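One structure below.
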Amino acid sequence: MKRLIAGLALALAWLGSDPSLAAAPPPHGGTTTLHPGVDGDYDPSLHIFADAAGQALTGKGFTILEDPAHTAYVVEMTLSRADVGTGMGRGPRDPAMVVGTGVVVPLSTGQSAIVALRRTRMEIRIRNRADNSILWSGAAVTVRSTGARNGTDEAVAADLSRALLQIYPAQPEDTIGVP
């Protein structure tokens with residue numbers, strides 16, 4: 001029994017020392033194509049998130065090409081969004097000032113209003129196009145008020161992309177939370 005265990009340990013040590021059997025490290029740039037998708041129903045803002053992810057990938061040395069036949073890597077981006085409840089925030093409320101006939105201008109009272117909260121999660125996987133193996137993957141999530149300045153699609157997309165690829169090529173151990 002001791003010989004069997006020693007033999008297995010020796011075999012595992014030998015396999016671990018063979019660089020051809022180890023997983024390939026994540027790329028430090030190169031040519032890639034970006035495949036955006038949604039988890040659930042189609043999201044009309046998907047192109048905004050794909051553009052932000054593309055800019056973040058470009059900042060890491062990748063060149064985004066349209067034709068995947070000419071790329072070394074394939075980047076899959078998945079977007080999922082869900083309304084998760086409501087919260088209190090500042091927003092326009094009554095009273096309204098009437099200007100002329102039929103023009104109503106809401107005035108902010110500085111009081112709290114009920115606002116919708118949306119959870120947005122972006123996941124990115126970088127695959128080797130030759131063998132379809134995953135070289136790197138990560139996810140980032142945020143919950144923001146849909147009426148806030150930092151709750152616009154552009155702001156959320158930029159913040160999630162930046163946070164997700166900030167530590168690249170290091171592999172995140174868990175989903176990255178973005179305030």
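Just so we're on the same page: first chain in the structure tokens is A, next is B, and so on; residues restart at 1 for each chain, and ligands are numbered from 1 in the order they show up.
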
For the interface of range 153-178 of chain A with range 123-135 of chain A (cut-off 12 Å, counting only C-alpha atoms), please tabulate each contacting residue of range 153-178 of chain A alongside its nearest pair of atoms and their separation in Å to one decimal, rows sorted by chain and increasing number, as a Markdown table.
| residue | atom | partner | partner_atom | distance |
| --- | --- | --- | --- | --- |
| A:Ala157 | CA | A:Glu123 | CA | 11.5 |
| A:Leu160 | CA | A:Glu123 | CA | 9.3 |
| A:Ser161 | CA | A:Ile124 | CA | 9.1 |
| A:Arg162 | CA | A:Ile124 | CA | 11.9 |
| A:Ala163 | CA | A:Glu123 | CA | 11.4 |
| A:Leu164 | CA | A:Ile124 | CA | 8.1 |
| A:Leu165 | CA | A:Ile124 | CA | 9.0 |
| A:Tyr168 | CA | A:Ile126 | CA | 11.1 |
| A:Pro169 | CA | A:Leu135 | CA | 9.7 |
| A:Ala170 | CA | A:Leu135 | CA | 10.9 |
| A:Gln171 | CA | A:Leu135 | CA | 9.5 |
| A:Pro172 | CA | A:Ile124 | CA | 11.4 |
| A:Asp174 | CA | A:Glu123 | CA | 11.4 |
| A:Thr175 | CA | A:Glu123 | CA | 8.9 |
| A:Ile176 | CA | A:Glu123 | CA | 10.1 |

I need the residues in range 136-173 of chain A that are strand (DSSP E) according to DSSP; give them as a list in words.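 DSSP-assigned strand (DSSP E) residues in range 136-173 of chain A: Trp136, Ser137, Gly138, Ala139, Ala140, Val141, Thr142, Val143, Arg144 and Ser145 of chain A.
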
What lies within 7 Å of Ser80 in chain A using only C-alpha atoms, ignoring chain neighbours under 4 positions off, as a PyMOL selection string? chain A and resi 38-39+120-122

Please produce an output containing N, CA and C atoms for each residue in the selection, written as a compact mmCIF listing (two decimals), in the first residue's frame.
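Result file again29.txt:
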# COMPACT_ATOMS: atom_id res chain seq x y z
N VAL A 38 -26.56 37.88 -23.59
CA VAL A 38 -27.30 38.19 -22.38
C VAL A 38 -27.77 36.91 -21.72
N ASP A 39 -27.87 36.98 -20.42
CA ASP A 39 -28.41 35.87 -19.65
C ASP A 39 -29.90 36.18 -19.45
N THR A 120 -26.72 44.53 -11.86
CA THR A 120 -26.12 44.27 -13.16
C THR A 120 -24.87 43.44 -12.94
N ARG A 121 -24.79 42.34 -13.68
CA ARG A 121 -23.63 41.45 -13.59
C ARG A 121 -23.05 41.27 -14.99
N MET A 122 -21.73 41.45 -15.08
CA MET A 122 -21.01 41.25 -16.33
C MET A 122 -19.98 40.15 -16.10

Which residue, A:Thr63, A:Thr152, A:Thr142, A:Ser45, has the smallest gap to Val75 in chain A when you use only C-alpha atoms?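 Of all the options, A:Thr63 lies closest to Val75 in chain A.
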
Any idea what the distance is between CA of Pro179 in chain A and CA of Pro26 in chain A?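 Computed distance, CA of Pro179 in chain A to CA of Pro26 in chain A, equals 27.0 Å.
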
Could you check which of A:Asp41, A:Asp83, A:Asp159, A:Glu154 is closest to Arg118 in chain A, using only C-alpha atoms?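 Smallest separation from Arg118 in chain A among the options: A:Asp83.
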